[in-house]
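Okay, input.csv now, which holds CSV, C-alpha atoms and all ligand atoms:
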```
chain,number,residue,atom,x,y,z
Y,1,MET,CA,127.9,136.8,124.3
Y,2,LYS,CA,129.6,133.6,125.4
Y,3,ALA,CA,126.4,132.5,127.2
Y,4,VAL,CA,124.3,133.1,124.1
Y,5,SER,CA,126.7,131.0,121.9
Y,6,ALA,CA,126.7,128.2,124.4
Y,7,THR,CA,122.9,128.2,124.4
Y,8,ILE,CA,122.8,128.0,120.6
Y,9,ILE,CA,125.3,125.1,120.6
Y,10,LEU,CA,123.3,123.3,123.3
Y,11,SER,CA,120.0,123.8,121.4
Y,12,ILE,CA,121.6,122.4,118.2
Y,13,PHE,CA,123.0,119.5,120.1
Y,14,ILE,CA,119.5,118.7,121.7
Y,15,THR,CA,117.8,119.1,118.3
Y,16,CYS,CA,120.3,116.6,116.7
Y,17,CYS,CA,119.8,114.1,119.6
Y,18,ILE,CA,116.0,114.3,119.3
Y,19,GLY,CA,116.3,114.1,115.5
Y,20,SER,CA,118.3,110.9,115.7
Y,21,LEU,CA,116.0,109.4,118.3
Y,22,SER,CA,112.9,109.9,116.1
Y,23,TRP,CA,114.9,108.5,113.2
Y,24,ALA,CA,115.6,105.3,115.1
Y,25,GLU,CA,112.0,105.1,116.2
Y,26,SER,CA,110.3,105.9,112.8
Y,27,LEU,CA,111.8,103.0,110.7
Y,28,GLN,CA,111.9,99.5,112.1
Y,29,SER,CA,113.7,96.5,110.7
Y,30,ILE,CA,111.5,94.4,108.5
Y,31,GLN,CA,111.8,90.6,108.8
Y,32,LEU,CA,111.2,89.2,105.3
Y,33,VAL,CA,109.2,86.1,104.6
Y,34,PRO,CA,111.3,83.0,103.8
Y,35,PRO,CA,111.6,82.5,100.0
Y,36,ASP,CA,109.2,80.3,98.3
Y,37,THR,CA,111.7,78.2,96.3
Y,38,ASN,CA,109.0,75.9,95.0
Y,39,SER,CA,107.3,78.6,93.0
Y,40,GLY,CA,108.2,79.9,89.5
Y,41,ILE,CA,107.8,79.2,85.8
Y,42,PRO,CA,110.1,77.3,83.5
Y,43,LEU,CA,113.4,79.2,83.0
Y,44,MET,CA,113.0,79.4,79.2
Y,45,LYS,CA,109.6,81.0,79.7
Y,46,ALA,CA,111.0,83.5,82.1
Y,47,LEU,CA,113.8,84.4,79.7
Y,48,ASN,CA,111.2,84.7,77.0
Y,49,HIS,CA,109.3,87.3,79.1
Y,50,ARG,CA,112.3,89.3,80.3
Y,51,MET,CA,112.0,92.9,79.3
Y,52,SER,CA,112.4,96.4,80.7
Y,53,THR,CA,109.4,98.4,81.8
Y,54,LYS,CA,109.3,102.2,81.6
Y,55,ALA,CA,105.9,103.0,82.9
Y,56,PHE,CA,105.0,101.9,86.5
Y,57,ALA,CA,101.8,101.9,88.6
Y,58,ALA,CA,102.3,103.4,92.0
Y,59,LYS,CA,100.7,100.3,93.6
Y,60,THR,CA,102.7,98.8,96.5
Y,61,ILE,CA,104.2,95.3,96.3
Y,62,PRO,CA,103.3,92.9,99.1
Y,63,LEU,CA,106.0,91.9,101.6
Y,64,GLU,CA,105.9,88.3,100.3
Y,65,LYS,CA,106.9,89.3,96.8
Y,66,LEU,CA,109.5,91.8,98.0
Y,67,SER,CA,111.0,89.0,100.1
Y,68,ASN,CA,111.2,86.6,97.2
Y,69,LEU,CA,112.5,89.3,95.0
Y,70,LEU,CA,115.5,90.1,97.3
Y,71,TRP,CA,116.2,86.4,97.9
Y,72,ALA,CA,116.2,85.8,94.1
Y,73,ALA,CA,118.4,88.9,93.7
Y,74,PHE,CA,121.2,88.0,96.1
Y,75,GLY,CA,119.9,85.8,98.9
Y,76,ILE,CA,121.6,82.9,100.5
Y,77,ASN,CA,120.8,79.7,98.7
Y,78,ARG,CA,123.2,77.4,100.6
Y,79,LYS,CA,122.8,77.9,104.4
Y,80,ASP,CA,125.9,75.8,105.3
Y,81,SER,CA,128.4,77.9,103.3
Y,82,GLY,CA,126.4,81.2,103.2
Y,83,ASN,CA,126.9,81.3,99.4
Y,84,ARG,CA,124.4,83.3,97.4
Y,85,THR,CA,122.2,83.2,94.3
Y,86,VAL,CA,124.9,85.1,92.4
Y,87,ALA,CA,128.6,84.1,91.9
Y,88,THR,CA,131.1,86.6,93.1
Y,89,ALA,CA,134.9,86.8,92.6
Y,90,MET,CA,136.6,84.9,95.4
Y,91,ASN,CA,133.2,84.8,97.0
Y,92,CYS,CA,133.7,88.4,98.1
Y,93,GLN,CA,130.0,89.1,98.2
Y,94,ASP,CA,130.7,92.8,97.9
Y,95,THR,CA,127.3,94.0,96.8
Y,96,ASP,CA,124.8,95.6,99.2
Y,97,ILE,CA,121.3,96.1,98.0
Y,98,TYR,CA,119.8,99.3,99.2
Y,99,VAL,CA,116.0,99.3,99.0
Y,100,VAL,CA,114.5,102.7,98.4
Y,101,LEU,CA,110.9,103.0,99.3
Y,102,LYS,CA,108.6,106.1,99.7
Y,103,LYS,CA,109.0,105.9,103.5
Y,104,GLY,CA,112.8,105.6,103.5
Y,105,VAL,CA,115.8,103.5,102.7
Y,106,TYR,CA,116.7,100.0,104.0
Y,107,VAL,CA,119.6,97.7,103.3
Y,108,TYR,CA,119.1,94.0,102.6
Y,109,LYS,CA,120.9,91.7,105.1
Y,110,ALA,CA,120.9,88.3,103.4
Y,111,LYS,CA,122.0,86.2,106.4
Y,112,GLU,CA,119.1,87.4,108.5
Y,113,HIS,CA,116.9,87.9,105.4
Y,114,THR,CA,115.9,91.2,106.9
Y,115,LEU,CA,115.7,94.8,105.8
Y,116,VAL,CA,117.6,97.1,108.1
Y,117,PRO,CA,116.7,100.8,108.2
Y,118,VAL,CA,119.2,103.3,106.8
Y,119,LEU,CA,117.3,106.6,106.3
Y,120,ASP,CA,113.8,107.7,107.0
Y,121,GLN,CA,113.6,110.1,104.0
Y,122,ASP,CA,112.0,109.9,100.6
Y,123,VAL,CA,115.0,109.9,98.3
Y,124,ARG,CA,113.3,108.4,95.2
Y,125,SER,CA,114.2,111.4,93.2
Y,126,LEU,CA,117.9,110.7,93.8
Y,127,ALA,CA,117.6,106.9,93.4
Y,128,ALA,CA,115.9,107.6,90.1
Y,129,THR,CA,116.5,110.8,88.1
Y,130,GLN,CA,113.9,109.8,85.5
Y,131,GLU,CA,110.3,110.6,86.5
Y,132,TYR,CA,108.8,107.3,85.3
Y,133,ALA,CA,111.1,105.4,87.7
Y,134,GLN,CA,110.3,107.6,90.7
Y,135,VAL,CA,106.7,106.2,90.5
Y,136,ALA,CA,107.9,102.6,91.0
Y,137,PRO,CA,107.3,101.4,94.6
Y,138,ILE,CA,110.7,99.9,94.8
Y,139,ASN,CA,114.1,101.2,93.6
Y,140,LEU,CA,117.0,98.9,94.3
Y,141,ILE,CA,120.5,100.5,94.5
Y,142,TYR,CA,123.4,98.2,94.0
Y,143,VAL,CA,126.4,99.4,96.1
Y,144,SER,CA,129.7,97.6,95.9
Y,145,ASP,CA,131.8,97.7,99.0
Y,146,TYR,CA,135.3,97.7,97.5
Y,147,ALA,CA,136.7,97.0,101.0
Y,148,LYS,CA,135.3,93.5,100.6
Y,149,ILE,CA,137.4,92.8,97.4
Y,150,ALA,CA,141.0,91.9,98.1
Y,151,ASP,CA,143.4,94.8,97.4
Y,152,ARG,CA,145.6,92.7,95.2
Y,153,PHE,CA,142.7,92.9,92.7
Y,154,GLN,CA,142.6,96.7,93.0
Y,155,ALA,CA,142.5,97.3,89.2
Y,156,LYS,CA,139.7,94.8,88.8
Y,157,LYS,CA,137.4,96.1,91.5
Y,158,PRO,CA,135.2,98.2,89.1
Y,159,SER,CA,134.7,95.3,86.7
Y,160,TYR,CA,134.0,92.8,89.5
Y,161,ALA,CA,131.5,95.2,91.0
Y,162,ALA,CA,129.8,95.7,87.7
Y,163,PHE,CA,129.8,92.0,86.9
Y,164,HIS,CA,128.1,91.2,90.3
Y,165,ALA,CA,125.5,93.9,90.0
Y,166,GLY,CA,124.8,92.8,86.5
Y,167,ALA,CA,124.1,89.2,87.6
Y,168,ILE,CA,122.0,90.4,90.5
Y,169,SER,CA,119.9,92.6,88.2
Y,170,GLN,CA,119.3,89.7,85.8
Y,171,ASN,CA,118.0,87.6,88.7
Y,172,VAL,CA,115.6,90.5,89.4
Y,173,TYR,CA,114.6,90.6,85.8
Y,174,LEU,CA,113.8,86.9,85.8
Y,175,TYR,CA,111.9,87.0,89.0
Y,176,CYS,CA,109.9,89.9,87.7
Y,177,ALA,CA,109.2,88.0,84.5
Y,178,PHE,CA,107.8,85.1,86.6
Y,179,GLU,CA,105.7,87.4,88.8
Y,180,GLY,CA,104.4,89.7,86.1
Y,181,LEU,CA,106.2,92.6,87.7
Y,182,GLY,CA,107.9,95.4,85.7
Y,183,THR,CA,111.6,96.2,86.1
Y,184,VAL,CA,114.3,98.2,84.5
Y,185,VAL,CA,118.0,98.5,85.4
Y,186,ARG,CA,119.1,102.1,85.3
Y,187,ASP,CA,122.2,104.2,85.1
Y,188,SER,CA,120.1,107.2,85.9
Y,189,VAL,CA,120.9,107.6,89.6
Y,190,ASP,CA,122.1,110.8,91.2
Y,191,ARG,CA,125.2,109.1,92.6
Y,192,THR,CA,126.7,112.2,94.2
Y,193,LYS,CA,123.7,113.3,96.2
Y,194,LEU,CA,122.6,109.8,97.0
Y,195,ARG,CA,125.9,108.7,98.4
Y,196,ASP,CA,125.9,111.8,100.5
Y,197,VAL,CA,122.5,111.2,102.1
Y,198,LEU,CA,123.2,107.5,102.6
Y,199,LYS,CA,126.5,108.5,104.2
Y,200,LEU,CA,128.4,105.9,102.2
Y,201,ARG,CA,132.1,105.3,103.0
Y,202,LYS,CA,134.7,106.2,100.4
Y,203,ASP,CA,135.1,102.6,99.3
Y,204,GLN,CA,131.4,102.1,98.8
Y,205,VAL,CA,130.5,102.6,95.2
Y,206,ILE,CA,127.0,103.0,93.7
Y,207,VAL,CA,127.0,100.8,90.7
Y,208,MET,CA,123.5,100.8,89.3
Y,209,GLY,CA,119.9,101.3,90.1
Y,210,GLN,CA,116.9,99.0,89.3
Y,211,SER,CA,113.2,100.0,89.6
Y,212,VAL,CA,110.6,97.4,90.3
Y,213,GLY,CA,106.8,97.7,90.3
Y,214,TYR,CA,103.6,96.7,88.6
Y,215,PRO,CA,103.7,97.7,85.0
Y,216,GLN,CA,101.1,100.4,84.0
Y,217,GLN,CA,100.0,98.0,81.4
Y,218,ALA,CA,100.1,94.2,81.8
Y,219,PRO,CA,102.7,92.7,79.6
Y,220,THR,CA,101.2,91.2,76.4
Y,221,GLN,CA,102.5,87.6,76.5
E,301,LIG,C1,123.9,99.2,81.7
E,301,LIG,C2,122.5,99.6,81.5
E,301,LIG,C3,122.1,100.9,81.8
E,301,LIG,C4,120.8,101.3,81.6
E,301,LIG,N1,120.4,102.6,82.0
E,301,LIG,C5,119.1,103.0,81.8
E,301,LIG,C6,118.7,104.3,82.2
E,301,LIG,O1,119.4,105.0,82.8
E,301,LIG,N2,117.4,104.6,82.0
E,301,LIG,C7,116.5,103.8,81.4
E,301,LIG,O2,115.3,104.2,81.2
E,301,LIG,N3,116.9,102.6,81.0
E,301,LIG,C8,118.1,102.1,81.1
E,301,LIG,N4,118.5,100.9,80.8
E,301,LIG,C9,117.5,100.0,80.2
E,301,LIG,C10,117.7,99.9,78.6
E,301,LIG,O3,117.1,101.1,78.1
E,301,LIG,C11,116.9,98.6,78.1
E,301,LIG,O4,117.5,97.5,78.7
E,301,LIG,C12,117.0,98.6,76.6
E,301,LIG,O5,116.2,99.6,76.0
E,301,LIG,C13,116.6,97.2,76.0
E,301,LIG,O6,115.3,96.9,76.5
E,301,LIG,P1,115.0,95.5,77.1
E,301,LIG,O7,115.7,95.5,78.4
E,301,LIG,O8,113.5,95.5,77.3
E,301,LIG,O9,115.5,94.5,76.2
E,301,LIG,C14,119.8,100.4,81.0
E,301,LIG,C15,120.2,99.1,80.7
E,301,LIG,C16,121.5,98.7,80.9
E,301,LIG,C17,121.9,97.3,80.6
```
Let me see the file written as structure tokens.
Ligand SMILES: Cc1cc2nc3c(=O)[nH]c(=O)nc-3n(C[C@H](O)[C@H](O)[C@H](O)COP(=O)(O)O)c2cc1C
Amino acid sequence: MKAVSATIILSIFITCCIGSLSWAESLQSIQLVPPDTNSGIPLMKALNHRMSTKAFAAKTIPLEKLSNLLWAAFGINRKDSGNRTVATAMNCQDTDIYVVLKKGVYVYKAKEHTLVPVLDQDVRSLAATQEYAQVAPINLIYVSDYAKIADRFQAKKPSYAAFHAGAISQNVYLYCAFEGLGTVVRDSVDRTKLRDVLKLRKDQVIVMGQSVGYPQQAPTQ
């Protein structure tokens, strides 16, 4: 009996090892393209085009646009200080952007301007509980790491986190307005299941989701 149990435990162990090996191999880091900071449209025009899209085409977005999008969202715009495109309380830079694609989930590393793999699983139905948003090729999940906000501001952590995610999402809205992409910021995220599969720590909080993709119909502007 003991020998049988030991064999079962060993097989589970081997399966887990093989599983994690194939996980590591299946998703690679993605080096993003440096941002094109000379492109764009006048700010007033972008603001005039800002809108939420609620019908997406499944068409994928080229790497160059994804790169610009993430840089605009919360990239580093001053190399010497490492400061970002969004102001954060005490420069705490608590927000991590998880990028949910059909093939899996990555996290944006601003310093390296790279996407690092987190999970090789299609979790779009958790990142977006509304069907129209599951079609979008990109779903961004804004996760605040409360550990990065000083504990003396404990009571303010939720408002700081919301404020930072809000500013990031507006950058995404403006970038999308410039590129003719559709976007919508969403509360409709299955936070409980998503935090589980992403294995978030207790002090990592899912603030909001934002879908990005080509609109099913071109905006009439
Ligand atoms: C905090 C917040 C939460 C939102 N949550 C959702 C959501 O869960 N699902 C959705 O379809 N739209 C959501 N929206 C988008 C709003 O429906 C949209 O912004 C609103 O209808 C105004 O449209 P506009 O952005 O085009 O001006 C949310 C917007 C905000 C600011």
Measuring between all atoms listed in the file, which one of Y:Arg124, Y:Lys65, Y:Arg152, Y:Arg186 shows the shortest distance to ligand LIG 301 (chain E)?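 Counting all atoms listed in the file, the residue closest to ligand LIG 301 (chain E) is Y:Arg186.
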Which residue gives the smallest distance to ligand LIG 301 (chain E) among Y:Asp122, Y:Asp190, Y:Glu179, Y:Asp80, with only C-alpha atoms and all ligand atoms counted? Y:Asp190
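The closest residue to Gly104 in chain Y, picked from Y:Gln210, Y:Ser52, Y:Ser125, Y:Thr85 and counting all atoms listed in the file, is Y:Ser125.
Taking all atoms listed in the file into account, Arg195 in chain Y lies nearest to Y:Ala127 out of the set Y:Ala127, Y:His113, Y:Leu43, Y:Ile76.
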At most 12 Å from ligand LIG 301 (chain E) (only C-alpha atoms and all ligand atoms): residue list as a compact mmCIF listing (two decimals) with C-alpha atoms, in the frame of the given file:
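Final file, part.txt:
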```txt
# COMPACT_ATOMS: atom_id res chain seq x y z
CA LEU Y 47 113.80 84.40 79.70
CA ASN Y 48 111.20 84.70 77.00
CA HIS Y 49 109.30 87.30 79.10
CA ARG Y 50 112.30 89.30 80.30
CA MET Y 51 112.00 92.90 79.30
CA SER Y 52 112.40 96.40 80.70
CA THR Y 53 109.40 98.40 81.80
CA LYS Y 54 109.30 102.20 81.60
CA ALA Y 55 105.90 103.00 82.90
CA PHE Y 56 105.00 101.90 86.50
CA ALA Y 127 117.60 106.90 93.40
CA ALA Y 128 115.90 107.60 90.10
CA THR Y 129 116.50 110.80 88.10
CA GLN Y 130 113.90 109.80 85.50
CA GLU Y 131 110.30 110.60 86.50
CA TYR Y 132 108.80 107.30 85.30
CA ALA Y 133 111.10 105.40 87.70
CA GLN Y 134 110.30 107.60 90.70
CA ALA Y 162 129.80 95.70 87.70
CA PHE Y 163 129.80 92.00 86.90
CA ALA Y 165 125.50 93.90 90.00
CA GLY Y 166 124.80 92.80 86.50
CA ALA Y 167 124.10 89.20 87.60
CA SER Y 169 119.90 92.60 88.20
CA GLN Y 170 119.30 89.70 85.80
CA TYR Y 173 114.60 90.60 85.80
CA LEU Y 174 113.80 86.90 85.80
CA ALA Y 177 109.20 88.00 84.50
CA GLY Y 182 107.90 95.40 85.70
CA THR Y 183 111.60 96.20 86.10
CA VAL Y 184 114.30 98.20 84.50
CA VAL Y 185 118.00 98.50 85.40
CA ARG Y 186 119.10 102.10 85.30
CA ASP Y 187 122.20 104.20 85.10
CA SER Y 188 120.10 107.20 85.90
CA VAL Y 189 120.90 107.60 89.60
CA ASP Y 190 122.10 110.80 91.20
CA VAL Y 207 127.00 100.80 90.70
CA MET Y 208 123.50 100.80 89.30
CA GLY Y 209 119.90 101.30 90.10
CA GLN Y 210 116.90 99.00 89.30
CA SER Y 211 113.20 100.00 89.60
CA PRO Y 219 102.70 92.70 79.60
```
Return the single residue from Y:Val143, Y:Ile206, Y:Val33, Y:Met90 that is closest to Leu66 in chain Y, with distances computed using only C-alpha atoms. Y:Val33
If we count all atoms listed in the file and set the cut-off at 7 Å, which residues sit around Tyr98 in chain Y, ignoring sequence neighbours fewer than 2 positions away in its own chain? Please answer as an mmCIF file with C-alpha atoms, keeping the file's coordinate frame.
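Output saved as part.cif:
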```cif
data_model
loop_
_atom_site.group_PDB
_atom_site.id
_atom_site.type_symbol
_atom_site.label_atom_id
_atom_site.label_comp_id
_atom_site.auth_asym_id
_atom_site.auth_seq_id
_atom_site.Cartn_x
_atom_site.Cartn_y
_atom_site.Cartn_z
ATOM 1 C CA ASP Y 96 124.800 95.600 99.200
ATOM 2 C CA VAL Y 100 114.500 102.700 98.400
ATOM 3 C CA VAL Y 105 115.800 103.500 102.700
ATOM 4 C CA TYR Y 106 116.700 100.000 104.000
ATOM 5 C CA VAL Y 107 119.600 97.700 103.300
ATOM 6 C CA TYR Y 108 119.100 94.000 102.600
ATOM 7 C CA LEU Y 140 117.000 98.900 94.300
ATOM 8 C CA ILE Y 141 120.500 100.500 94.500
ATOM 9 C CA TYR Y 142 123.400 98.200 94.000
#
```
Please rebuild range 137-150 of chain Y with N, CA and C atoms and return the result as a PDB file, keeping the file's coordinate frame.
```pdb
ATOM      1  N   PRO Y 137     107.269 101.547  93.132  1.00  0.00           N
ATOM      2  CA  PRO Y 137     107.300 101.400  94.600  1.00  0.00           C
ATOM      3  C   PRO Y 137     108.615 101.007  95.176  1.00  0.00           C
ATOM      4  N   ILE Y 138     109.439 100.344  94.348  1.00  0.00           N
ATOM      5  CA  ILE Y 138     110.700  99.900  94.800  1.00  0.00           C
ATOM      6  C   ILE Y 138     111.839 100.310  93.874  1.00  0.00           C
ATOM      7  N   ASN Y 139     112.855 100.930  94.417  1.00  0.00           N
ATOM      8  CA  ASN Y 139     114.100 101.200  93.600  1.00  0.00           C
ATOM      9  C   ASN Y 139     115.232 100.540  94.376  1.00  0.00           C
ATOM     10  N   LEU Y 140     115.880  99.608  93.694  1.00  0.00           N
ATOM     11  CA  LEU Y 140     117.000  98.900  94.300  1.00  0.00           C
ATOM     12  C   LEU Y 140     118.294  99.687  93.858  1.00  0.00           C
ATOM     13  N   ILE Y 141     119.185  99.892  94.803  1.00  0.00           N
ATOM     14  CA  ILE Y 141     120.500 100.500  94.500  1.00  0.00           C
ATOM     15  C   ILE Y 141     121.570  99.528  94.826  1.00  0.00           C
ATOM     16  N   TYR Y 142     122.362  99.188  93.817  1.00  0.00           N
ATOM     17  CA  TYR Y 142     123.400  98.200  94.000  1.00  0.00           C
ATOM     18  C   TYR Y 142     124.719  98.966  94.399  1.00  0.00           C
ATOM     19  N   VAL Y 143     125.187  98.695  95.602  1.00  0.00           N
ATOM     20  CA  VAL Y 143     126.400  99.400  96.100  1.00  0.00           C
ATOM     21  C   VAL Y 143     127.472  98.343  96.350  1.00  0.00           C
ATOM     22  N   SER Y 144     128.586  98.530  95.682  1.00  0.00           N
ATOM     23  CA  SER Y 144     129.700  97.600  95.900  1.00  0.00           C
ATOM     24  C   SER Y 144     130.581  98.177  97.030  1.00  0.00           C
ATOM     25  N   ASP Y 145     130.915  97.300  97.968  1.00  0.00           N
ATOM     26  CA  ASP Y 145     131.800  97.700  99.000  1.00  0.00           C
ATOM     27  C   ASP Y 145     133.222  97.186  98.615  1.00  0.00           C
ATOM     28  N   TYR Y 146     134.001  98.106  98.045  1.00  0.00           N
ATOM     29  CA  TYR Y 146     135.300  97.700  97.500  1.00  0.00           C
ATOM     30  C   TYR Y 146     136.215  97.158  98.635  1.00  0.00           C
ATOM     31  N   ALA Y 147     135.925  97.502  99.878  1.00  0.00           N
ATOM     32  CA  ALA Y 147     136.700  97.000 101.000  1.00  0.00           C
ATOM     33  C   ALA Y 147     136.605  95.466 101.104  1.00  0.00           C
ATOM     34  N   LYS Y 148     135.534  94.915 100.511  1.00  0.00           N
ATOM     35  CA  LYS Y 148     135.300  93.500 100.600  1.00  0.00           C
ATOM     36  C   LYS Y 148     136.061  92.715  99.468  1.00  0.00           C
ATOM     37  N   ILE Y 149     136.620  93.464  98.523  1.00  0.00           N
ATOM     38  CA  ILE Y 149     137.400  92.800  97.400  1.00  0.00           C
ATOM     39  C   ILE Y 149     138.861  93.000  97.751  1.00  0.00           C
ATOM     40  N   ALA Y 150     139.602  91.881  97.693  1.00  0.00           N
ATOM     41  CA  ALA Y 150     141.000  91.900  98.100  1.00  0.00           C
ATOM     42  C   ALA Y 150     141.790  92.987  97.331  1.00  0.00           C
TER      43      ALA Y 150
END
```
